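What follows is a single structure, written as structure tokens, with notes after it.
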Amino acid sequence: MVNGPAARSHEVRIRANRSWFRIDWRALVEFRDLLVLLVRRNFVVRYKQTVLGPAWFILGPVLTTLVFTVVFGRIAGIPTDGLPPVLFYLCGLVGWNYFAGTMQESASTFVANASLFGKVYFPRLIVPLTAAVSNLFAVALQVGTLAAFWLYFRLATPAGADLRVGPELIVIPLLLLHAAALALGVGLWIASCTAKYRDLAHVTPLLIQLWMYGTPVIYPLSAAREHYFWLVALNPMTPIVEAFRYALLGHGIVEPAYYGLSVAVSAVALLSGIMVFQKTERTFIDTV
Amino acid sequence: MKPIVEVQGLSKLYRLGVIGSTTLRDAVERMWARVRGRPVAVSRLAALASLEGRRGPRPNTFWAIRDVSFSLERGTILGLIGSNGAGKSTVLKILSQITDPTEGEATIRGRIASLLEVGTGFHPELTGRENIFLNGAMLGMRRLEIRDRLEEIIAFSEVGEFIDTPVKRYSSGMYVRLAFAVAAHLEPEVLVVDEVLAVGDAAFQKKCLGKIGDVARAGRTILFVSHNMTAVQSLCDRVLWLRQGRVVDDGPAARVVPRYLASAQPSVAERLWDDAAGAPGNEKVRLRRARVGAEDGSAPEAITTRTPLRLEFEYWNLQPGAHLNLSLHVYNERGILVFNALPVNEAVWQGRPLPVGLFRDVCRIPGDLLNDGGYRIELLVVQDEGTVICRYDDILAFHVHDSVEMRGAWYGDWDGVVRPTLEWTTEYLGAGDEAGAARPSGTSAIR
């Protein structure tokens with residue numbers, strides 16, 4: 001039974017036109033178990049009926065890396081900062097995929113869960129947060145794969161002789177947090193806008209694709225020094241991918257000013273995204 | 001102590017028509033119109049809400065609920081009734097925090113859980129056990145609470161060994177049972193329930209209603225929406241009746257439910273034509289009066305399946321020496337002819353020629369015969385046992401309410417056109433071999 005003073009203080013107030021700035025943190029804390037269970041569900045469901053199961057977390061980026069190596073490395077001849085192309089692309093993809101996946105899943109929060117949201121209340125923010133946490137599993141497996149490739153190049157090829165691991169590795173979790181904040185911020189904005197204007201659902205994949213080309217995933221930031229440097233450098237995702245590469249492989253340009261700007265942009269995107277999202281969730285179901 | 005639920009002036013405005021298909025184009029067009037100083041074609045809901053008071057409602061909006069207020073004391077079971085579109089679901093959705101009101105506010109002083117459907121968020125690939133946790137968490141239970149009640153939930157669901165099978169392999173019955181089992185073991189202070197009783201077979205419905213009764217007896221507050229008036233009458237202390245978004249009545253079930261049912265099918269308890277010239281009929285016969293009521297004279301609202309009824313018809317016979325008889329067709333609300341009544345055992349005038357003048361026929365329908373529901377009566381005047389000389393389609397209409405006393409623990413619909421109380425005996429024929437020995441030997445008893 002729920003009784004006693006703790007339960008008594010529990011009061012739900014439902015009002016018209018609630019403030020933009022009141023973020024319901026308490027409800028998020030109350031439903032933390034749901035977050036854990038949804039993460040588990042995502043993991044179980046995604047690979048339950050596949051033969052290879054979680055191996056797909058690894059196979060996807062590895063196959064993409066191979067394609068990139070052939071197309072961008074061999075055919076187009078884009079430099080890779082002196083790193084083995086496989087390591088270069090794989091490392092870029094780990095960070096980028098985490099960002100893109102989280103953003104895309106957050107962006108479809110309302111559209112994908114319309115019928116569920118019409119039947120039960122829980123803080124809707126749980127859904128995009130679940131995406132951000134679920135995708136960490138993929139990151140972990142992919143970093144493991146990267147480590148395997150790294151070992152191979154380090155031990156078996158002359159080009160890998162200068163590969164070093166340093167204390168920079170510890171910033172990886174912070175970078176992921178940063179990427180999550182930016183992905184959620186942008187994703188929550190798109191989710192709120194698509195709730196009203198369905199057209200935008202078609203724009204999201206295009207946006208993600210274009211954004212990737214504006215981010216040093218298939219080319220190093222150093223290669224963009226001559227053309228469009230400002231565009232690439234101002235992109236808040238650029239310092240994250242470059243820092244990721246620097247931390248894992250020791251190559252990359254991390255300029256504090258641009259990094260600081262990226263942090264600021266991410267923080268603003270996240271906070272404003274949460275506000276818009278919370279405003280939208282209150283009447284979203286009326287427009288379904 | 002403050003009421004556990006307090007609702008004040010709750011209103012919700014919806015836009016009609018193209019809800020949801022707002023496109024960027026519409027928005028751009030609207031912006032363009034605003035820039036050019038033209039009147040804005042469709043404004044935002046909030047703006048509309050404030051306009052409504054001054055300029056009257058916009059044509060393409062409607063108030064799903066308007067100014068709904070009520071408060072609930074701890075432990076009350078409130079039934080929310082009304083026809084489709086009356087706004088019941090909107091009230092539930094607002095209280096469940098699925099959507100915000102356009103105006104007004106609600107305060108809930110305690111943990112609330114809503115059950116707008118069973119099995120919300122069930123995933124077909126997950127096992128029964130996994131779904132219990134997921135569904136429970138969605139309904140607001142903590143993982144530890146679910147773990148504590150897991151055994152009970154599994155037992156209640158009766159899915160037994162299939163608990164570790166993905167629910168996509170479940171029969172629809174098992175699925176619903178599991179889903180309800182989770183819901184039934186929620187222990188919020190306020191429970192909001194919508195039509196969950198519409199699912200499952202009769203036995204399961206009974207179990208669900210029984211569980212709701214248990215929850216209520218445990219002192220929790222329940223808001224219950226149902227079209228099943230029997231369930232509402234049996235379970236609810238108080239009933240709130242909504243029509244077109246507004247509260248029509250709020251009070252004890254015994255008062256509100258009969259009023260609601262009576263409004264759903266207008267009753268015509270009596271018709272009277274004083275003036276023979278204007279009365280329905282023709283040169284052969286004219287009607288004067290028709291009346292239906294309880295034999296003991298109690299009010300029409302009090303007519304239940306147990307009440308003996310008295311029907312009266314007065315008519316003028318205008319043909320000297322005519323052989324007439326009345327014939328009553330009693331239809332239920334589904335349009336089924338329940339029976340046809342004729343004065344076959346009337347002792348005085350049956351078969352005799354009638355002089356010109358006013359006659360009164362009285363016919364009695366015994367108690368414990370009609371099932372609950374609405375009835376209408378068609379009156380025929382028949383000459384020479386073959387020719388209908390006058391017909392009046394819906395001369396009377398009345399409502400038979402359910403009698404809760406005879407039901408025991410069953411709250412579902414009582415099937416059948418009639419509901420007679422039959423004489424019934426059960427005998428104990430002894431146990432085991434003794435009983436066998438008592439039976440007539442051999443097979444000769446069955447031919």
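By convention here, the chains of the structure tokens are called A, B, ... in the order presented, each chain's residues are numbered starting at 1, and ligands are numbered starting at 1 in the order presented.
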
Chain B residues near chain A within 8 Å, closest pair each, using only C-alpha atoms, as a tab-separated table:
residue	atom	partner	partner_atom	distance
B:Tyr14	CA	A:Asp286	CA	7.4
B:Ile19	CA	A:Thr287	CA	5.4
B:Gly20	CA	A:Thr287	CA	4.2
B:Ser21	CA	A:Arg198	CA	7.6
B:Thr22	CA	A:Tyr197	CA	5.9
B:Thr23	CA	A:Tyr197	CA	4.9
B:Leu24	CA	A:Tyr197	CA	5.6
B:Ile94	CA	A:Ile14	CA	7.7
B:Leu95	CA	A:Ile14	CA	7.4
B:Ser96	CA	A:Tyr121	CA	6.4
B:Gln97	CA	A:Tyr121	CA	6.0
B:Ile98	CA	A:Tyr121	CA	5.5
B:Thr99	CA	A:Thr283	CA	4.9
B:Asp100	CA	A:Arg282	CA	5.4
B:Pro101	CA	A:Ala16	CA	5.1
B:Thr102	CA	A:Ala16	CA	5.2
B:Glu103	CA	A:Ala16	CA	5.2
B:Gly104	CA	A:Arg15	CA	6.2
B:Glu105	CA	A:Arg15	CA	4.4
B:Ala106	CA	A:Ile14	CA	4.9
B:Thr107	CA	A:Arg13	CA	4.5
B:Ile108	CA	A:Val12	CA	5.0
B:Arg109	CA	A:Glu11	CA	4.4
B:Gly110	CA	A:His10	CA	5.2
B:Arg111	CA	A:His10	CA	6.5
B:Ser114	CA	A:Val120	CA	7.0
B:Leu115	CA	A:Val120	CA	7.6
B:Leu116	CA	A:Lys119	CA	5.7
B:Glu117	CA	A:Lys119	CA	6.7
B:Thr120	CA	A:Leu116	CA	6.7
B:Gly121	CA	A:Leu116	CA	6.4
B:Glu125	CA	A:Val45	CA	6.3
B:Leu126	CA	A:Val45	CA	7.2
B:Phe133	CA	A:Leu37	CA	7.5
B:Leu134	CA	A:Leu37	CA	6.0
B:Ala137	CA	A:Leu34	CA	5.1
B:Met138	CA	A:Leu34	CA	6.3
B:Leu139	CA	A:Val120	CA	7.1
B:Gly140	CA	A:Phe31	CA	6.8
B:Arg142	CA	A:Asp33	CA	6.3
B:Arg143	CA	A:Asp33	CA	6.2
B:Glu187	CA	A:Met1	CA	6.2
B:Pro188	CA	A:Val2	CA	7.0
B:Glu189	CA	A:Val2	CA	7.3

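Residues in contact with B:Glu312 at up to 12 Å, not including ones fewer than 3 positions away on its chain and judged by only C-alpha atoms, are Ala269, Glu270, Arg271, Leu272, Leu287, Arg288, Arg289, Ala290, Arg291, Val292, Gly293, Ala294, Glu295, Leu309, Tyr315, Leu326, Leu328, Phe359, Arg360, Asp361, Val362, Cys363, Arg364, Ile365, Ile377, Leu379, Ile395 and Leu396 of chain B.
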
| remark: note - atom CA of A:Leu234 and atom CA of A:Ser222 are separated by 14.2 Å

| query | Rounded to one decimal in Å, what is the spacing between atom CA of A:Ile274 and atom CA of A:Pro239? | reply |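 Straight-line distance from atom CA of A:Ile274 to atom CA of A:Pro239 works out to 23.3 Å.
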
| task | Name the residues in contact with A:Ala132 at a cut-off of 12 Å, using only C-alpha atoms, excluding same-chain residues fewer than 2 positions from it; report them as a ChimeraX atom specification. | result | /A:35-36,38-39,42,97-107,125-130,134-139,176-185,187-188

Output N, CA, C and O atoms of each residue in that selection to a file, as a compact mmCIF listing (two decimals), in the first residue's frame.
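Okay, result_16.txt is ready:
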# COMPACT_ATOMS: atom_id res chain seq x y z
N LEU A 35 12.40 3.38 -17.50
CA LEU A 35 13.54 3.61 -18.39
C LEU A 35 14.38 2.34 -18.50
O LEU A 35 14.70 1.88 -19.60
N VAL A 36 14.70 1.75 -17.35
CA VAL A 36 15.52 0.55 -17.34
C VAL A 36 14.83 -0.57 -18.12
O VAL A 36 15.44 -1.24 -18.96
N LEU A 38 12.51 -0.33 -20.43
CA LEU A 38 12.40 -0.04 -21.87
C LEU A 38 13.73 -0.27 -22.57
O LEU A 38 13.77 -0.75 -23.69
N VAL A 39 14.83 0.05 -21.89
CA VAL A 39 16.15 -0.21 -22.47
C VAL A 39 16.31 -1.71 -22.70
O VAL A 39 16.71 -2.16 -23.76
N ASN A 42 14.15 -2.81 -25.63
CA ASN A 42 14.74 -2.47 -26.92
C ASN A 42 15.82 -3.48 -27.29
O ASN A 42 15.88 -3.94 -28.42
N ASN A 97 27.41 7.44 -35.40
CA ASN A 97 26.23 6.57 -35.34
C ASN A 97 25.46 6.73 -34.03
O ASN A 97 24.24 6.68 -34.01
N TYR A 98 26.22 6.91 -32.96
CA TYR A 98 25.55 7.11 -31.69
C TYR A 98 24.69 8.37 -31.74
O TYR A 98 23.52 8.37 -31.36
N PHE A 99 25.29 9.43 -32.27
CA PHE A 99 24.58 10.70 -32.37
C PHE A 99 23.37 10.56 -33.30
O PHE A 99 22.23 10.89 -32.93
N ALA A 100 23.60 10.03 -34.50
CA ALA A 100 22.54 9.97 -35.51
C ALA A 100 21.40 9.06 -35.05
O ALA A 100 20.22 9.40 -35.20
N GLY A 101 21.76 7.91 -34.47
CA GLY A 101 20.73 6.97 -34.03
C GLY A 101 19.87 7.57 -32.93
O GLY A 101 18.63 7.51 -32.96
N THR A 102 20.52 8.18 -31.96
CA THR A 102 19.78 8.78 -30.84
C THR A 102 18.90 9.91 -31.33
O THR A 102 17.73 10.02 -30.94
N MET A 103 19.44 10.71 -32.24
CA MET A 103 18.66 11.83 -32.74
C MET A 103 17.45 11.33 -33.53
O MET A 103 16.33 11.80 -33.34
N GLN A 104 17.67 10.34 -34.38
CA GLN A 104 16.55 9.86 -35.20
C GLN A 104 15.46 9.23 -34.33
O GLN A 104 14.28 9.46 -34.53
N GLU A 105 15.88 8.44 -33.35
CA GLU A 105 14.88 7.80 -32.49
C GLU A 105 14.12 8.83 -31.66
O GLU A 105 12.91 8.73 -31.48
N SER A 106 14.83 9.83 -31.17
CA SER A 106 14.15 10.88 -30.40
C SER A 106 13.17 11.63 -31.28
O SER A 106 12.07 11.98 -30.86
N ALA A 107 13.59 11.87 -32.52
CA ALA A 107 12.76 12.66 -33.43
C ALA A 107 11.43 11.99 -33.72
O ALA A 107 10.44 12.65 -34.00
N LEU A 125 9.46 12.05 -21.92
CA LEU A 125 10.92 12.17 -22.07
C LEU A 125 11.62 10.83 -21.88
O LEU A 125 12.73 10.63 -22.34
N ILE A 126 10.93 9.91 -21.19
CA ILE A 126 11.51 8.59 -20.98
C ILE A 126 11.87 7.93 -22.32
O ILE A 126 12.88 7.25 -22.43
N VAL A 127 11.05 8.16 -23.33
CA VAL A 127 11.28 7.47 -24.61
C VAL A 127 12.58 7.91 -25.29
O VAL A 127 13.43 7.08 -25.60
N PRO A 128 12.80 9.22 -25.50
CA PRO A 128 14.10 9.62 -26.07
C PRO A 128 15.27 9.27 -25.17
O PRO A 128 16.33 8.88 -25.67
N LEU A 129 15.08 9.34 -23.85
CA LEU A 129 16.17 8.97 -22.95
C LEU A 129 16.51 7.49 -23.12
O LEU A 129 17.67 7.10 -23.07
N THR A 130 15.45 6.69 -23.32
CA THR A 130 15.68 5.27 -23.55
C THR A 130 16.55 5.07 -24.79
O THR A 130 17.46 4.24 -24.79
N SER A 134 19.93 3.12 -24.72
CA SER A 134 20.00 1.87 -25.49
C SER A 134 21.17 1.89 -26.46
O SER A 134 21.88 0.90 -26.62
N ASN A 135 21.36 3.05 -27.10
CA ASN A 135 22.40 3.11 -28.12
C ASN A 135 23.80 3.01 -27.54
O ASN A 135 24.76 2.77 -28.28
N LEU A 136 23.91 3.14 -26.22
CA LEU A 136 25.23 2.99 -25.60
C LEU A 136 25.74 1.55 -25.71
O LEU A 136 26.94 1.32 -25.78
N PHE A 137 24.82 0.61 -25.76
CA PHE A 137 25.23 -0.79 -25.93
C PHE A 137 25.97 -0.96 -27.24
O PHE A 137 27.00 -1.61 -27.32
N ALA A 138 25.41 -0.35 -28.28
CA ALA A 138 26.04 -0.43 -29.59
C ALA A 138 27.42 0.21 -29.53
O ALA A 138 28.40 -0.36 -30.04
N VAL A 139 27.51 1.35 -28.85
CA VAL A 139 28.80 2.03 -28.75
C VAL A 139 29.81 1.11 -28.08
O VAL A 139 30.94 0.95 -28.56
N LEU A 176 30.53 11.10 -25.03
CA LEU A 176 29.24 10.45 -25.32
C LEU A 176 28.10 11.24 -24.69
O LEU A 176 27.04 11.41 -25.29
N LEU A 177 28.33 11.74 -23.50
CA LEU A 177 27.32 12.54 -22.82
C LEU A 177 27.02 13.80 -23.64
O LEU A 177 25.86 14.18 -23.85
N HIS A 178 28.08 14.40 -24.12
CA HIS A 178 27.97 15.59 -24.96
C HIS A 178 27.17 15.27 -26.24
O HIS A 178 26.22 15.97 -26.61
N ALA A 179 27.54 14.16 -26.88
CA ALA A 179 26.83 13.76 -28.11
C ALA A 179 25.36 13.49 -27.81
O ALA A 179 24.46 13.86 -28.58
N ALA A 180 25.10 12.84 -26.66
CA ALA A 180 23.72 12.53 -26.29
C ALA A 180 22.92 13.81 -26.10
O ALA A 180 21.78 13.93 -26.55
N ALA A 181 23.53 14.79 -25.44
CA ALA A 181 22.82 16.05 -25.19
C ALA A 181 22.46 16.73 -26.50
O ALA A 181 21.32 17.18 -26.69
N LEU A 182 23.41 16.77 -27.42
CA LEU A 182 23.14 17.41 -28.70
C LEU A 182 22.08 16.63 -29.49
O LEU A 182 21.13 17.21 -30.03
N ALA A 183 22.23 15.29 -29.50
CA ALA A 183 21.28 14.46 -30.25
C ALA A 183 19.88 14.62 -29.68
O ALA A 183 18.90 14.77 -30.42
N LEU A 184 19.77 14.60 -28.35
CA LEU A 184 18.46 14.74 -27.73
C LEU A 184 17.90 16.14 -28.00
O LEU A 184 16.72 16.29 -28.33
N GLY A 185 18.73 17.14 -27.87
CA GLY A 185 18.27 18.51 -28.09
C GLY A 185 17.66 18.65 -29.47
O GLY A 185 16.51 19.09 -29.62
N GLY A 187 16.84 16.19 -31.54
CA GLY A 187 15.76 15.22 -31.72
C GLY A 187 14.46 15.68 -31.07
O GLY A 187 13.38 15.52 -31.65
N LEU A 188 14.53 16.25 -29.88
CA LEU A 188 13.32 16.72 -29.20
C LEU A 188 12.66 17.86 -29.97
O LEU A 188 11.43 17.93 -30.07

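Of the listed residues (A:Val143, A:Ala224, A:Ile218, A:Leu87), A:Val143 comes nearest to A:Pro173; the distances count only C-alpha atoms.
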
| message | Based on the backbone DSSP call, show me all residues of stretch 236-391 of chain B assigned strand (DSSP E), as a ChimeraX atom specification. | response | /B:238-243,246-252,270-272,285-294,309-317,324-332,337-341,357-365,373-383,387-391

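Proximity of B:Thr307, B:Ser327, B:Ser11, B:Thr90 to B:Val388, computed with only C-alpha atoms, is greatest for B:Ser327.
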
| task | From the DSSP assignment of the backbone, select every residue of stretch 116-171 of chain A that is helix (DSSP H, G or I), and format the answer as a PyMOL selection string. | result | chain A and resi 116-117+126-156+158-162+167-171

| field | d(atom CA of B:Gly335, atom CA of B:Val256) in Å | value | 25.5 Å

| task | Please identify all polymer residues within 8 Å of A:Pro220, counting only C-alpha atoms, omitting same-chain residues fewer than 4 positions from it, and present them as a PyMOL selection string. | result | chain A and resi 79-81+216+224+242+252

Writing out the chosen residues with C-alpha atoms as an mmCIF file, in the first residue's frame:
data_model
loop_
_atom_site.group_PDB
_atom_site.id
_atom_site.type_symbol
_atom_site.label_atom_id
_atom_site.label_comp_id
_atom_site.auth_asym_id
_atom_site.auth_seq_id
_atom_site.Cartn_x
_atom_site.Cartn_y
_atom_site.Cartn_z
ATOM 1 C CA PRO A 79 43.174 11.353 -46.816
ATOM 2 C CA THR A 80 42.721 9.823 -43.368
ATOM 3 C CA ASP A 81 45.146 11.852 -41.284
ATOM 4 C CA PRO A 216 34.528 15.009 -40.323
ATOM 5 C CA ALA A 224 38.835 20.819 -44.670
ATOM 6 C CA GLU A 242 37.413 14.914 -33.763
ATOM 7 C CA GLY A 252 42.399 14.989 -34.533
#

| request: Compare B:Val118, B:Val348, B:Leu144, B:Leu209 by their minimum atom-to-atom distance to B:Ser172, counting only C-alpha atoms, and give me the closest one. | output: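 Checking each of B:Val118, B:Val348, B:Leu144, B:Leu209 against B:Ser172, counting only C-alpha atoms, the winner is B:Val118.
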
| request: Would you list the contacts of B:Thr127 as an NGL selection string, taking every protein, DNA or RNA residue within 7 Å and counting only C-alpha atoms, but skipping same-chain residues closer than 5 positions in sequence? | output: :B and (163-167)

| message | I'd like the contact shell of stretch 180-183 of chain B - 7 Å cut-off, only C-alpha atoms, skipping same-chain residues fewer than 2 positions apart - returned as a ChimeraX atom specification. | response | /B:118,132,136,153,156-157,176-178,185-186

Take the selection from the previous step and output its residues with N, CA and C atoms, as a compact mmCIF listing (two decimals), in the first residue's frame.
# COMPACT_ATOMS: atom_id res chain seq x y z
N VAL B 118 -6.54 -2.47 -21.44
CA VAL B 118 -5.68 -3.44 -20.78
C VAL B 118 -4.54 -3.80 -21.71
N ILE B 132 4.80 -8.24 -17.77
CA ILE B 132 4.23 -7.83 -16.48
C ILE B 132 5.04 -6.66 -15.94
N GLY B 136 3.56 -2.97 -15.89
CA GLY B 136 3.42 -2.45 -14.53
C GLY B 136 4.16 -1.13 -14.38
N ILE B 153 0.12 -11.99 -9.31
CA ILE B 153 -0.30 -11.58 -10.64
C ILE B 153 -0.37 -12.80 -11.55
N PHE B 156 -3.36 -14.91 -10.66
CA PHE B 156 -4.62 -14.28 -11.06
C PHE B 156 -4.83 -14.42 -12.56
N SER B 157 -3.74 -14.35 -13.32
CA SER B 157 -3.86 -14.36 -14.78
C SER B 157 -4.20 -15.75 -15.32
N VAL B 176 -5.54 -11.09 -22.58
CA VAL B 176 -6.37 -10.16 -21.82
C VAL B 176 -6.28 -10.47 -20.33
N ARG B 177 -6.27 -11.75 -19.99
CA ARG B 177 -6.21 -12.12 -18.57
C ARG B 177 -4.92 -11.64 -17.93
N LEU B 178 -3.82 -11.83 -18.66
CA LEU B 178 -2.53 -11.39 -18.12
C LEU B 178 -2.54 -9.88 -17.94
N HIS B 185 -3.52 -5.54 -9.91
CA HIS B 185 -2.64 -5.51 -8.75
C HIS B 185 -1.93 -4.18 -8.56
N LEU B 186 -2.37 -3.21 -9.33
CA LEU B 186 -1.91 -1.85 -9.07
C LEU B 186 -2.52 -1.46 -7.74

| message | List as a list of chain:residue names the protein and nucleic acid residues near stretch 299-303 of chain B, meaning an atom at most 9 Å away when only C-alpha atoms are counted, but skip any in the same chain fewer than 2 places from it. | response |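 Neighbouring residues, sequence-local ones excluded: B:Arg255, B:Pro258, B:Arg259, B:Ala262, B:Ser267, B:Ala269, B:Val292, B:Gly293, B:Ala294, B:Gly297, B:Thr305, B:Arg306, B:Thr307, B:Pro308, B:Leu309, B:Phe398, B:His399, B:Val400, B:His401, B:Asp402, B:Ser403.
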
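Residue nearest B:His329, chosen from B:Tyr392, B:Trp316, B:Trp349, B:Phe204 and counting only C-alpha atoms: B:Tyr392.
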